[in-house]
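What follows is coords_6.cif (mmCIF, C-alpha atoms and all ligand atoms).
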data_model
loop_
_atom_site.label_atom_id
_atom_site.label_comp_id
_atom_site.auth_asym_id
_atom_site.auth_seq_id
_atom_site.Cartn_x
_atom_site.Cartn_y
_atom_site.Cartn_z
CA MET A 1 -148.03 36.02 -10.69
CA LYS A 2 -146.47 34.46 -13.75
CA ASN A 3 -148.50 31.29 -13.29
CA LYS A 4 -151.69 33.23 -13.30
CA ILE A 5 -150.95 35.13 -16.51
CA LYS A 6 -149.83 32.12 -18.54
CA PRO A 7 -153.22 30.38 -18.88
CA LEU A 8 -154.81 33.73 -19.72
CA ILE A 9 -152.36 34.21 -22.57
CA ILE A 10 -153.01 30.71 -23.88
CA ILE A 11 -156.75 31.25 -23.80
CA ALA A 12 -156.37 34.61 -25.55
CA VAL A 13 -154.23 33.08 -28.31
CA LEU A 14 -156.67 30.20 -28.79
CA LEU A 15 -159.60 32.60 -28.96
CA GLY A 16 -157.67 34.66 -31.48
CA ILE A 17 -157.06 31.64 -33.72
CA VAL A 18 -160.71 30.59 -33.54
CA GLY A 19 -161.73 34.17 -34.27
CA VAL A 20 -159.59 34.33 -37.41
CA PHE A 21 -161.16 31.15 -38.77
CA VAL A 22 -164.68 32.32 -37.98
CA GLY A 23 -163.89 35.56 -39.78
CA LEU A 24 -162.50 33.81 -42.82
CA ALA A 25 -165.25 31.22 -43.10
CA PRO A 26 -167.45 31.89 -46.12
CA ARG A 27 -170.69 33.39 -44.92
CA ALA A 28 -173.19 32.69 -47.64
CA VAL A 29 -176.01 34.54 -45.94
CA ALA A 30 -175.77 38.30 -45.97
CA PHE A 31 -178.95 39.17 -44.16
CA VAL A 32 -182.30 37.78 -43.03
CA TYR A 33 -185.32 39.75 -41.95
CA PRO A 34 -186.80 37.77 -39.05
CA ILE A 35 -190.16 36.20 -39.75
CA PRO A 36 -192.63 36.38 -36.88
CA GLU A 37 -193.81 33.11 -35.42
CA ASN A 38 -196.94 31.51 -36.82
CA GLU A 39 -196.44 33.23 -40.17
CA VAL A 40 -196.56 31.25 -43.37
CA VAL A 41 -193.05 30.76 -44.70
CA PHE A 42 -193.28 30.46 -48.44
CA PRO A 43 -191.47 27.24 -49.47
CA HIS A 44 -189.49 28.48 -52.45
CA ASP A 45 -187.59 25.19 -52.61
CA PHE A 46 -190.82 23.37 -53.45
CA HIS A 47 -192.32 25.88 -55.89
CA ALA A 48 -189.20 27.01 -57.70
CA GLY A 49 -187.21 23.80 -57.09
CA THR A 50 -189.42 20.71 -57.19
CA LEU A 51 -192.15 22.20 -59.36
CA ALA A 52 -189.64 24.30 -61.32
CA LEU A 53 -192.03 27.22 -61.71
CA GLU A 54 -190.60 30.27 -63.46
CA CYS A 55 -189.85 33.11 -61.02
CA GLN A 56 -192.00 35.44 -63.08
CA PHE A 57 -194.99 33.12 -62.95
CA CYS A 58 -195.67 34.63 -59.52
CA HIS A 59 -193.37 37.67 -59.41
CA THR A 60 -194.94 39.40 -62.36
CA GLY A 61 -193.83 42.67 -63.85
CA ALA A 62 -190.07 42.26 -63.77
CA GLU A 63 -189.89 42.44 -67.55
CA GLU A 64 -191.60 45.79 -67.92
CA ASN A 65 -191.49 47.44 -64.54
CA ARG A 66 -189.43 48.48 -61.65
CA GLY A 67 -190.63 45.72 -59.36
CA ALA A 68 -190.86 41.97 -59.43
CA ASN A 69 -194.10 42.02 -57.50
CA VAL A 70 -194.73 40.14 -54.32
CA PRO A 71 -197.82 38.31 -55.56
CA ALA A 72 -201.28 38.93 -54.24
CA LEU A 73 -203.31 36.06 -52.76
CA GLU A 74 -205.14 35.69 -56.09
CA GLN A 75 -201.92 34.44 -57.57
CA CYS A 76 -201.63 31.72 -54.89
CA MET A 77 -205.25 30.75 -55.42
CA PHE A 78 -204.61 30.31 -59.11
CA CYS A 79 -203.25 26.89 -58.11
CA HIS A 80 -204.33 26.40 -54.53
CA LYS A 81 -208.01 26.21 -55.23
CA VAL A 82 -207.23 22.68 -56.34
CA ALA A 83 -203.61 22.01 -55.44
CA GLY A 84 -202.19 21.01 -52.05
CA LEU A 85 -205.57 20.68 -50.39
CA GLU A 86 -204.13 18.71 -47.48
CA ASN A 87 -201.02 20.78 -46.95
CA PRO A 88 -201.23 22.72 -43.66
CA GLN A 89 -199.52 25.83 -45.07
CA ALA A 90 -201.71 25.85 -48.14
CA LYS A 91 -204.68 25.52 -45.83
CA GLU A 92 -203.63 28.74 -44.12
CA VAL A 93 -203.41 30.42 -47.49
CA ARG A 94 -206.92 29.29 -48.34
CA ALA A 95 -208.17 30.37 -44.93
CA ALA A 96 -206.75 33.84 -45.52
CA TRP A 97 -208.39 33.91 -48.93
CA GLU A 98 -211.76 32.96 -47.48
CA ALA A 99 -211.41 35.50 -44.69
CA GLU A 100 -210.47 38.09 -47.31
CA GLU A 101 -207.36 38.98 -45.33
CA PRO A 102 -204.08 39.57 -47.12
CA LEU A 103 -201.03 37.55 -46.14
CA ASN A 104 -198.30 39.86 -44.94
CA TRP A 105 -195.24 38.32 -46.49
CA VAL A 106 -191.96 39.41 -44.95
CA ARG A 107 -189.83 40.70 -47.79
CA GLN A 108 -186.21 39.72 -47.59
CA HIS A 109 -184.97 42.07 -50.30
CA ARG A 110 -185.51 45.69 -49.44
CA LEU A 111 -183.82 48.86 -50.56
CA PRO A 112 -183.57 52.17 -48.79
CA ASP A 113 -186.01 54.80 -50.04
CA HIS A 114 -183.34 56.81 -51.82
CA THR A 115 -182.41 53.91 -54.09
CA HIS A 116 -184.55 53.19 -57.11
CA PHE A 117 -183.67 49.77 -58.40
CA GLN A 118 -185.37 48.82 -61.65
CA HIS A 119 -185.82 45.16 -62.52
CA GLU A 120 -186.73 45.75 -66.14
CA PRO A 121 -183.34 46.81 -67.58
CA HIS A 122 -181.59 43.99 -65.76
CA ILE A 123 -183.96 41.31 -67.03
CA THR A 124 -183.91 42.85 -70.52
CA ALA A 125 -180.12 42.73 -70.48
CA GLY A 126 -180.39 39.00 -69.87
CA PHE A 127 -179.37 38.64 -66.25
CA GLU A 128 -180.75 35.71 -64.32
CA CYS A 129 -182.69 36.39 -61.14
CA SER A 130 -180.15 34.22 -59.33
CA THR A 131 -177.32 36.67 -60.09
CA CYS A 132 -178.55 38.80 -57.21
CA HIS A 133 -181.08 36.60 -55.44
CA GLY A 134 -179.01 33.43 -55.34
CA ASP A 135 -180.30 29.90 -55.75
CA VAL A 136 -183.81 30.56 -54.51
CA ALA A 137 -184.91 27.17 -55.88
CA GLY A 138 -182.80 25.57 -53.16
CA MET A 139 -183.91 27.76 -50.26
CA LYS A 140 -186.43 26.61 -47.69
CA GLN A 141 -186.80 30.21 -46.70
CA VAL A 142 -185.48 33.03 -48.85
CA VAL A 143 -182.48 34.90 -47.48
CA GLN A 144 -180.25 37.60 -48.88
CA ILE A 145 -177.12 35.98 -50.18
CA LYS A 146 -173.54 37.04 -50.53
CA THR A 147 -172.79 37.54 -54.19
CA GLU A 148 -170.26 35.41 -56.06
CA LYS A 149 -167.48 37.85 -55.23
CA GLY A 150 -168.49 37.93 -51.59
CA GLY A 151 -170.35 41.22 -51.67
CA ASP A 152 -173.42 41.72 -49.56
CA LEU A 153 -175.75 43.15 -52.21
CA LYS A 154 -174.97 46.74 -51.37
CA MET A 155 -173.97 49.66 -53.54
CA GLY A 156 -170.43 48.39 -54.06
CA ASP A 157 -171.82 45.31 -55.79
CA CYS A 158 -174.12 47.38 -57.98
CA VAL A 159 -171.36 49.76 -59.05
CA ALA A 160 -168.83 46.98 -59.71
CA CYS A 161 -171.30 45.10 -61.93
CA HIS A 162 -172.41 48.27 -63.72
CA LYS A 163 -168.81 49.16 -64.52
CA GLU A 164 -168.03 45.63 -65.65
CA ASN A 165 -170.97 45.65 -68.05
CA GLY A 166 -170.71 49.23 -69.27
CA ALA A 167 -173.98 50.26 -67.67
CA PRO A 168 -174.43 53.85 -66.53
CA ALA A 169 -172.90 54.26 -63.09
CA GLN A 170 -173.47 57.87 -62.15
CA CYS A 171 -175.33 58.66 -58.94
CA SER A 172 -178.54 59.72 -60.67
CA THR A 173 -178.94 56.32 -62.32
CA CYS A 174 -180.32 54.94 -59.05
CA HIS A 175 -180.53 57.89 -56.66
CA ASN A 176 -182.95 60.61 -57.63
CA MET B 177 -176.42 58.50 -74.24
CA SER B 178 -173.80 61.17 -73.80
CA ASP B 179 -174.74 62.59 -77.20
CA VAL B 180 -177.71 64.06 -75.38
CA LYS B 181 -177.66 67.48 -73.76
CA TRP B 182 -180.80 68.52 -71.99
CA GLY B 183 -181.90 72.11 -71.97
CA MET B 184 -184.90 74.34 -71.66
CA VAL B 185 -186.18 77.52 -73.23
CA VAL B 186 -188.57 79.75 -71.30
CA ASP B 187 -190.60 82.13 -73.43
CA VAL B 188 -191.32 85.02 -71.10
CA ASP B 189 -193.67 86.47 -73.68
CA LYS B 190 -195.96 83.46 -73.44
CA CYS B 191 -195.97 83.02 -69.67
CA SER B 192 -199.27 84.13 -68.16
CA GLY B 193 -198.17 83.58 -64.57
CA CYS B 194 -200.74 80.86 -63.97
CA GLN B 195 -198.39 78.76 -61.79
CA ALA B 196 -199.48 75.47 -63.33
CA CYS B 197 -195.80 74.62 -63.72
CA VAL B 198 -195.23 75.14 -59.99
CA ILE B 199 -198.05 72.78 -59.04
CA ALA B 200 -197.03 70.17 -61.62
CA CYS B 201 -193.47 70.22 -60.32
CA MET B 202 -194.62 69.89 -56.74
CA SER B 203 -196.72 66.83 -57.42
CA GLU B 204 -194.17 65.18 -59.68
CA ASN B 205 -191.26 65.66 -57.33
CA ASN B 206 -192.81 65.10 -53.88
CA ILE B 207 -192.18 68.65 -52.79
CA PRO B 208 -193.45 69.31 -49.27
CA ILE B 209 -196.52 71.43 -48.75
CA ASN B 210 -195.46 74.95 -47.81
CA LEU B 211 -197.25 76.34 -44.79
CA ASP B 212 -197.59 79.94 -43.66
CA ARG B 213 -194.57 79.75 -41.44
CA ASP B 214 -192.43 78.40 -44.30
CA PHE B 215 -193.19 81.51 -46.29
CA THR B 216 -192.76 83.93 -43.42
CA GLU B 217 -189.44 82.35 -42.51
CA ASN B 218 -188.39 82.32 -46.15
CA ARG B 219 -188.02 78.55 -46.03
CA SER B 220 -190.61 77.55 -48.59
CA ILE B 221 -189.59 75.08 -51.28
CA ALA B 222 -190.49 75.35 -54.95
CA TRP B 223 -188.16 73.96 -57.57
CA ILE B 224 -189.71 76.29 -60.10
CA ARG B 225 -191.14 79.61 -59.00
CA VAL B 226 -192.79 82.39 -60.95
CA GLU B 227 -191.30 85.74 -60.05
CA ARG B 228 -193.60 88.70 -60.46
CA TYR B 229 -192.49 92.19 -61.34
CA TRP B 230 -194.67 95.26 -61.59
CA GLU B 231 -193.96 97.65 -64.40
CA GLY B 232 -195.21 101.19 -64.73
CA GLU B 233 -197.40 103.35 -62.48
CA TYR B 234 -201.07 102.90 -61.67
CA PRO B 235 -203.33 102.88 -63.68
CA ASP B 236 -200.95 102.08 -66.50
CA VAL B 237 -199.43 99.08 -64.74
CA LYS B 238 -198.33 95.70 -66.03
CA ALA B 239 -197.31 92.49 -64.33
CA ARG B 240 -194.32 90.67 -65.72
CA PHE B 241 -193.75 87.00 -64.94
CA LEU B 242 -190.47 85.18 -64.92
CA PRO B 243 -190.41 81.44 -64.19
CA VAL B 244 -187.13 80.63 -62.47
CA LEU B 245 -185.81 77.11 -62.01
CA CYS B 246 -182.36 75.59 -61.62
CA GLN B 247 -180.46 76.81 -64.66
CA HIS B 248 -178.33 73.65 -64.87
CA CYS B 249 -175.29 75.82 -65.42
CA GLY B 250 -172.46 74.53 -67.56
CA ASN B 251 -170.15 76.35 -65.19
CA ALA B 252 -172.10 75.88 -61.99
CA PRO B 253 -171.11 77.87 -58.90
CA CYS B 254 -172.81 75.32 -56.64
CA GLU B 255 -170.67 72.37 -57.69
CA PRO B 256 -167.13 73.23 -56.58
CA VAL B 257 -168.22 74.33 -53.11
CA CYS B 258 -169.82 71.03 -52.12
CA PRO B 259 -167.41 69.26 -49.77
CA VAL B 260 -168.87 65.80 -50.42
CA TYR B 261 -169.55 65.87 -54.19
CA ALA B 262 -173.27 65.70 -53.55
CA THR B 263 -173.83 67.91 -56.56
CA PHE B 264 -172.07 67.30 -59.82
CA HIS B 265 -172.39 67.80 -63.53
CA ASN B 266 -173.32 64.77 -65.56
CA ASP B 267 -172.50 63.99 -69.17
CA GLN B 268 -175.94 65.12 -70.32
CA GLY B 269 -175.47 68.72 -69.28
CA MET B 270 -177.46 68.39 -66.09
CA ASN B 271 -176.57 69.46 -62.62
CA ILE B 272 -177.36 66.48 -60.40
CA GLN B 273 -178.19 66.61 -56.71
CA VAL B 274 -177.49 63.39 -54.80
CA TYR B 275 -179.66 63.45 -51.71
CA ASN B 276 -178.05 60.56 -49.93
CA ARG B 277 -174.66 62.24 -50.17
CA CYS B 278 -175.76 65.64 -48.99
CA VAL B 279 -174.63 66.52 -45.49
CA GLY B 280 -176.49 69.81 -45.37
CA THR B 281 -173.74 72.42 -45.32
CA ARG B 282 -175.87 74.70 -47.56
CA TYR B 283 -172.73 76.07 -49.25
CA CYS B 284 -174.25 75.34 -52.67
CA ALA B 285 -177.42 77.31 -51.99
CA ASN B 286 -175.37 80.25 -50.77
CA ASN B 287 -173.34 80.14 -53.94
CA CYS B 288 -176.28 79.89 -56.32
CA PRO B 289 -176.87 83.23 -58.02
CA TYR B 290 -180.40 82.21 -59.06
CA HIS B 291 -181.65 81.12 -55.62
CA ALA B 292 -182.69 77.86 -57.20
CA ARG B 293 -181.64 75.60 -54.36
CA TYR B 294 -183.82 74.83 -51.38
CA PHE B 295 -182.95 73.39 -48.04
CA ASN B 296 -185.21 71.17 -45.94
CA TYR B 297 -185.17 72.94 -42.63
CA ARG B 298 -187.88 70.60 -41.37
CA ARG B 299 -188.87 67.02 -41.89
CA PRO B 300 -191.57 67.25 -44.52
CA THR B 301 -194.96 65.91 -43.58
CA TRP B 302 -198.05 65.24 -45.60
CA PRO B 303 -201.56 64.55 -44.44
CA GLU B 304 -201.91 60.79 -43.99
CA THR B 305 -204.15 60.43 -47.04
CA TYR B 306 -201.48 61.96 -49.29
CA ASN B 307 -199.02 59.15 -48.74
CA ASN B 308 -200.34 57.19 -51.67
CA TYR B 309 -200.09 60.21 -53.95
CA LEU B 310 -196.35 60.57 -53.58
CA ASN B 311 -194.34 59.74 -56.67
CA PRO B 312 -192.60 56.42 -55.98
CA ASP B 313 -189.84 57.25 -58.47
CA VAL B 314 -188.67 60.25 -56.49
CA THR B 315 -186.99 60.13 -53.11
CA VAL B 316 -188.72 62.00 -50.31
CA ARG B 317 -186.05 64.27 -48.92
CA ASP B 318 -185.66 64.38 -45.19
CA ARG B 319 -184.68 67.24 -42.93
CA GLY B 320 -181.19 68.55 -43.55
CA ILE B 321 -181.07 67.78 -47.27
CA MET B 322 -180.59 70.24 -50.10
CA GLU B 323 -182.84 69.90 -53.11
CA LYS B 324 -183.50 71.61 -56.42
CA CYS B 325 -184.90 71.12 -59.89
CA SER B 326 -183.62 67.86 -61.33
CA PHE B 327 -184.95 68.36 -64.89
CA CYS B 328 -187.22 65.45 -63.87
CA VAL B 329 -184.28 63.04 -64.00
CA GLN B 330 -186.60 60.15 -63.12
CA ARG B 331 -188.47 60.77 -66.37
CA ILE B 332 -185.21 60.98 -68.29
CA ASN B 333 -184.06 57.68 -66.80
CA ALA B 334 -187.38 56.03 -67.59
CA ALA B 335 -187.38 57.30 -71.18
CA THR B 336 -183.80 56.11 -71.63
CA ARG B 337 -184.74 52.64 -70.44
CA ILE B 338 -187.80 52.44 -72.69
CA ALA B 339 -185.78 53.68 -75.67
CA LYS B 340 -183.16 51.04 -75.03
CA ARG B 341 -185.68 48.25 -74.59
CA GLU B 342 -187.67 49.12 -77.68
CA GLY B 343 -184.67 50.01 -79.78
CA ASN B 344 -185.88 53.41 -80.93
CA GLU B 345 -185.53 56.96 -79.69
CA ASP B 346 -189.25 57.85 -79.69
CA ALA B 347 -189.52 57.85 -75.93
CA ILE B 348 -186.57 60.23 -75.63
CA ALA B 349 -187.84 62.55 -78.36
CA GLY B 350 -191.22 62.87 -76.67
CA LEU B 351 -189.78 63.46 -73.23
CA GLN B 352 -191.06 66.42 -71.24
CA THR B 353 -190.50 67.67 -67.74
CA ALA B 354 -193.55 68.00 -65.52
CA CYS B 355 -193.54 71.80 -65.77
CA ALA B 356 -193.26 71.86 -69.55
CA GLN B 357 -196.01 69.29 -69.82
CA ALA B 358 -198.34 71.33 -67.63
CA CYS B 359 -197.71 74.76 -69.14
CA PRO B 360 -200.92 75.73 -70.98
CA THR B 361 -199.20 78.32 -73.17
CA ASP B 362 -196.12 76.27 -74.03
CA ALA B 363 -193.93 78.90 -72.46
CA LEU B 364 -191.62 76.15 -71.25
CA VAL B 365 -189.96 73.97 -73.87
CA PHE B 366 -187.71 71.13 -72.81
CA GLY B 367 -185.61 68.89 -74.99
CA ASN B 368 -182.33 67.71 -76.40
CA LEU B 369 -180.05 70.59 -77.37
CA ASN B 370 -177.84 68.29 -79.41
CA ASN B 371 -180.66 67.39 -81.76
CA PRO B 372 -180.83 70.25 -84.29
CA ASN B 373 -184.43 69.36 -85.15
CA SER B 374 -185.79 69.58 -81.62
CA GLU B 375 -187.98 72.57 -80.83
CA VAL B 376 -185.77 73.58 -77.95
CA SER B 377 -182.57 73.80 -79.99
CA GLN B 378 -184.32 75.89 -82.62
CA LEU B 379 -185.62 78.32 -80.02
CA TYR B 380 -182.26 78.30 -78.24
CA ASP B 381 -180.64 80.49 -80.86
CA ASP B 382 -183.68 82.70 -81.39
CA GLU B 383 -182.89 86.39 -81.67
CA ARG B 384 -184.93 87.05 -78.50
CA SER B 385 -182.90 84.58 -76.48
CA TYR B 386 -180.91 85.63 -73.42
CA VAL B 387 -179.66 84.03 -70.20
CA LEU B 388 -180.21 85.23 -66.67
CA GLN B 389 -177.24 87.14 -65.24
CA GLU B 390 -175.04 86.43 -68.22
CA SER B 391 -172.20 88.57 -66.86
CA ILE B 392 -171.29 86.08 -64.13
CA GLY B 393 -170.49 83.43 -66.73
CA THR B 394 -172.48 80.48 -65.44
CA GLN B 395 -173.35 79.26 -68.94
CA PRO B 396 -176.84 77.99 -68.12
CA ASN B 397 -178.64 75.32 -70.10
CA VAL B 398 -181.85 77.26 -69.57
CA ARG B 399 -182.38 80.25 -71.83
CA TYR B 400 -185.12 82.85 -71.83
CA LEU B 401 -186.91 84.50 -74.73
CA LYS B 402 -187.54 88.20 -74.28
CA LYS B 403 -190.93 89.72 -73.78
CA ILE B 404 -192.33 91.44 -76.85
CA ASP B 405 -194.18 94.57 -75.82
CA GLU B 406 -196.50 95.57 -78.61
CA HIS B 407 -197.19 98.87 -76.88
CA ALA B 408 -193.53 99.78 -76.46
CA ALA B 409 -193.44 101.87 -79.62
CA GLU B 410 -196.53 103.94 -78.84
CA LYS B 411 -195.39 104.41 -75.25
CA ALA B 412 -192.06 105.73 -76.41
CA HIS B 413 -193.99 108.02 -78.75
CA ALA B 414 -196.23 109.35 -75.98
CA HIS B 415 -193.37 110.29 -73.70
S1 LIG C 1 -197.32 77.08 -66.49
FE1 LIG C 1 -196.45 78.26 -68.20
S2 LIG C 1 -197.77 80.10 -68.31
FE2 LIG C 1 -198.17 79.17 -66.29
S3 LIG C 1 -196.71 80.20 -64.91
FE3 LIG C 1 -195.66 78.35 -65.63
S4 LIG C 1 -194.49 79.02 -67.41
FE4 LIG C 1 -196.00 80.65 -67.00
#
For this file, write the structure as structure tokens.
Ligand code: SF4
Amino acid sequence: MKNKIKPLIIIAVLLGIVGVFVGLAPRAVAFVYPIPENEVVFPHDFHAGTLALECQFCHTGAEENRGANVPALEQCMFCHKVAGLENPQAKEVRAAWEAEEPLNWVRQHRLPDHTHFQHEPHITAGFECSTCHGDVAGMKQVVQIKTEKGGDLKMGDCVACHKENGAPAQCSTCHN
Amino acid sequence: MSDVKWGMVVDVDKCSGCQACVIACMSENNIPINLDRDFTENRSIAWIRVERYWEGEYPDVKARFLPVLCQHCGNAPCEPVCPVYATFHNDQGMNIQVYNRCVGTRYCANNCPYHARYFNYRRPTWPETYNNYLNPDVTVRDRGIMEKCSFCVQRINAATRIAKREGNEDAIAGLQTACAQACPTDALVFGNLNNPNSEVSQLYDDERSYVLQESIGTQPNVRYLKKIDEHAAEKAHAH
């Protein structure tokens, strides 16, 4: 009897130790919405990294409006009429443009309907996009990141930052 | 911003009972469409309603109209009864309803002496084509959530942001709720009570001003201006 239990205990302890380390390991990625196969994955690392385009070159509106828009195909074609003619992904973009079909980008940053985040006051106050969105210029595919303090971009993060910076933090600021 | 205190004055003398305010409020705040059964079951939702009272005997009969909305009481009976702090008083004199906190006990509505709170007994639905008409700045409330007049808090937030960005208070001074904006006779006046020059604070202390059910001590931020009956004197004479 004793001989049978001993290995079980050892395995359990080992599993426990591994589990603790897995739990403590920094998880930089908070969440990813799965992208269906055969969809165009927008290479942010190339556009924002290699080409060093400004975020707001494509995501217009963040300075005046609630949203930093997911750009329409017109915005892609601004460059891709002449740029990246041989690139297979850019070819798909052009094909969609010629077929007059929109590309259904999978948004990685979504909020529940009862939360009204506004980009404008944050950009006006001088925050960088990367404060919440992370180093998009280095991402092959955009993912939601853990914030610097390890938060997962949920209400706790919002409230902590609002309090730190003296921004209004009553419920009706975002929920109405 | 806490030097702002929002309030409203309703001039009963000017109200013609046209219900433009009701419609404006419904479209601004994504209020569900009330069907027959909602009315018959007394479950219709209207953040502002126009109460109608008949006065006198036929043929000498008059209709009196009284627009009633959330009074944003300074001493609000709805607030202390909420077990989850889903309704609270903010530093601008408004009574705030937080939909995502509400658990649907309906204590607040039962404690409201003005019947200004409305409960979603059903999941609201709109005809498919209406989806794009909903106001994106206002949450669509689901079944089981309490709702009420918010003094168009989304407009207040937007005006505050614009004022801050542009560095002047013009946007805040020109702020109106949907109902006040729609009222053709200017019976509803909304504004900052702490600004002595605003129209609302001047009307607030008018000699005709009164509050609904003053005796219960709710200290509303909405005041009413009495009806002036130009025939009152001759009627008194005739009797
Ligand atoms: S819009 Fe003005 S006049 Fe018409 S019912 Fe409302 S308060 Fe009265």
Inset, instruction - With a cut-off of 9 Å and counting only C-alpha atoms, select all residues of chain B in contact with chain A and give the selection as a VMD selection string. - result: chain B and resid 266 272 to 276 312 to 317 326 328 to 330 333 337 to 338 340 to 341
Please define a box with edges along x, y and z of the file around all atoms of ligand LIG 1 (chain C) given in the file, extend it by 6 Å on each side, and return its centre and edge lengths in Å to one decimal, as AutoDock Vina command-line options.
--center_x -196.3 --center_y 78.9 --center_z -66.6 --size_x 15.7 --size_y 15.6 --size_z 15.4
Legend entry - Pick from B:Trp223, B:Thr394, B:Lys238, B:Trp230, whichever lies nearest to Cys201 of chain B using all atoms listed in the file: B:Trp223
Legend entry - Between atom CA of His109 of chain A and atom CA of Ala52 of chain A, distance in Å (one decimal): 21.4 Å
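Within 10 Å of the point (-177.0, 79.3, -69.3), counting all atoms listed in the file, the protein and nucleic acid residues come to Gly183, Met184, Gln247, His248, Cys249, Gly250, Asn251, Ala252, Tyr386, Val387, Leu388, Gln389, Glu390, Gly393, Thr394, Gln395, Pro396, Asn397, Val398, Arg399 and Tyr400 of chain B.
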How would you write, as a compact mmCIF listing (two decimals) with C-alpha atoms, in the frame of the given file, the set of residues no farther than 8 Å from ligand LIG 1 (chain C) when counting all atoms listed in the file?
# COMPACT_ATOMS: atom_id res chain seq x y z
CA VAL B 186 -188.57 79.75 -71.30
CA ASP B 187 -190.60 82.13 -73.43
CA VAL B 188 -191.32 85.02 -71.10
CA LYS B 190 -195.96 83.46 -73.44
CA CYS B 191 -195.97 83.02 -69.67
CA SER B 192 -199.27 84.13 -68.16
CA GLY B 193 -198.17 83.58 -64.57
CA CYS B 194 -200.74 80.86 -63.97
CA GLN B 195 -198.39 78.76 -61.79
CA ALA B 196 -199.48 75.47 -63.33
CA CYS B 197 -195.80 74.62 -63.72
CA VAL B 198 -195.23 75.14 -59.99
CA VAL B 226 -192.79 82.39 -60.95
CA PHE B 241 -193.75 87.00 -64.94
CA LEU B 242 -190.47 85.18 -64.92
CA PRO B 243 -190.41 81.44 -64.19
CA CYS B 355 -193.54 71.80 -65.77
CA ALA B 356 -193.26 71.86 -69.55
CA ALA B 358 -198.34 71.33 -67.63
CA CYS B 359 -197.71 74.76 -69.14
CA PRO B 360 -200.92 75.73 -70.98
CA THR B 361 -199.20 78.32 -73.17
CA ASP B 362 -196.12 76.27 -74.03
CA ALA B 363 -193.93 78.90 -72.46
CA LEU B 364 -191.62 76.15 -71.25
Legend entry - Atomic separation - atom CA of Gln352 of chain B relative to atom CA of Asp179 of chain B, Å: 17.8 Å
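For the pair atom CA of Lys91 of chain A and atom CA of Asn104 of chain A, the separation is 15.7 Å.
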Legend entry - Long-range neighbours of segment 210-221 of chain B as an NGL selection string, 8 Å cut-off, all atoms listed in the file, 4 positions minimum in chain: :B and (294-297)
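The residue set within 8 Å of Tyr33 of chain A, counting only C-alpha atoms and dropping same-chain residues fewer than 3 places from it, reads Val106, Arg107, Gln108 and Val143 of chain A.
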Legend entry - Surrounding residues of segment 137-139 of chain A excluding itself and chain neighbours under 3 positions, 7 Å, only C-alpha atoms, as a PyMOL selection string: chain A and resi 44-45+48-49+142
Legend entry - Which of B:His291, B:Arg331, B:Lys324, B:Lys181 sits closest to Gly350 of chain B [using all atoms listed in the file]: B:Arg331
Can you patch up segment 338-349 of chain B, filling it in to N, CA and C atoms, and show the result as a CSV table (one decimal), in the coordinates of the input?
chain,number,residue,atom,x,y,z
B,338,ILE,N,-186.8,52.9,-71.7
B,338,ILE,CA,-187.8,52.4,-72.7
B,338,ILE,C,-187.2,52.5,-74.1
B,339,ALA,N,-186.4,53.6,-74.4
B,339,ALA,CA,-185.8,53.7,-75.7
B,339,ALA,C,-184.8,52.5,-75.9
B,340,LYS,N,-184.1,52.1,-74.9
B,340,LYS,CA,-183.2,51.0,-75.0
B,340,LYS,C,-183.9,49.7,-75.2
B,341,ARG,N,-185.0,49.5,-74.5
B,341,ARG,CA,-185.7,48.2,-74.6
B,341,ARG,C,-186.3,48.1,-76.0
B,342,GLU,N,-186.9,49.2,-76.4
B,342,GLU,CA,-187.7,49.1,-77.7
B,342,GLU,C,-186.8,49.4,-78.9
B,343,GLY,N,-185.6,49.8,-78.7
B,343,GLY,CA,-184.7,50.0,-79.8
B,343,GLY,C,-185.0,51.2,-80.7
B,344,ASN,N,-185.7,52.2,-80.2
B,344,ASN,CA,-185.9,53.4,-80.9
B,344,ASN,C,-185.9,54.6,-80.0
B,345,GLU,N,-185.7,55.8,-80.5
B,345,GLU,CA,-185.5,57.0,-79.7
B,345,GLU,C,-186.8,57.7,-79.4
B,346,ASP,N,-188.0,57.1,-79.8
B,346,ASP,CA,-189.2,57.8,-79.7
B,346,ASP,C,-189.5,58.4,-78.3
B,347,ALA,N,-189.2,57.5,-77.3
B,347,ALA,CA,-189.5,57.8,-75.9
B,347,ALA,C,-188.7,59.0,-75.5
B,348,ILE,N,-187.4,59.1,-76.0
B,348,ILE,CA,-186.6,60.2,-75.6
B,348,ILE,C,-187.0,61.5,-76.3
B,349,ALA,N,-187.4,61.4,-77.6
B,349,ALA,CA,-187.8,62.6,-78.4
B,349,ALA,C,-189.1,63.2,-77.7
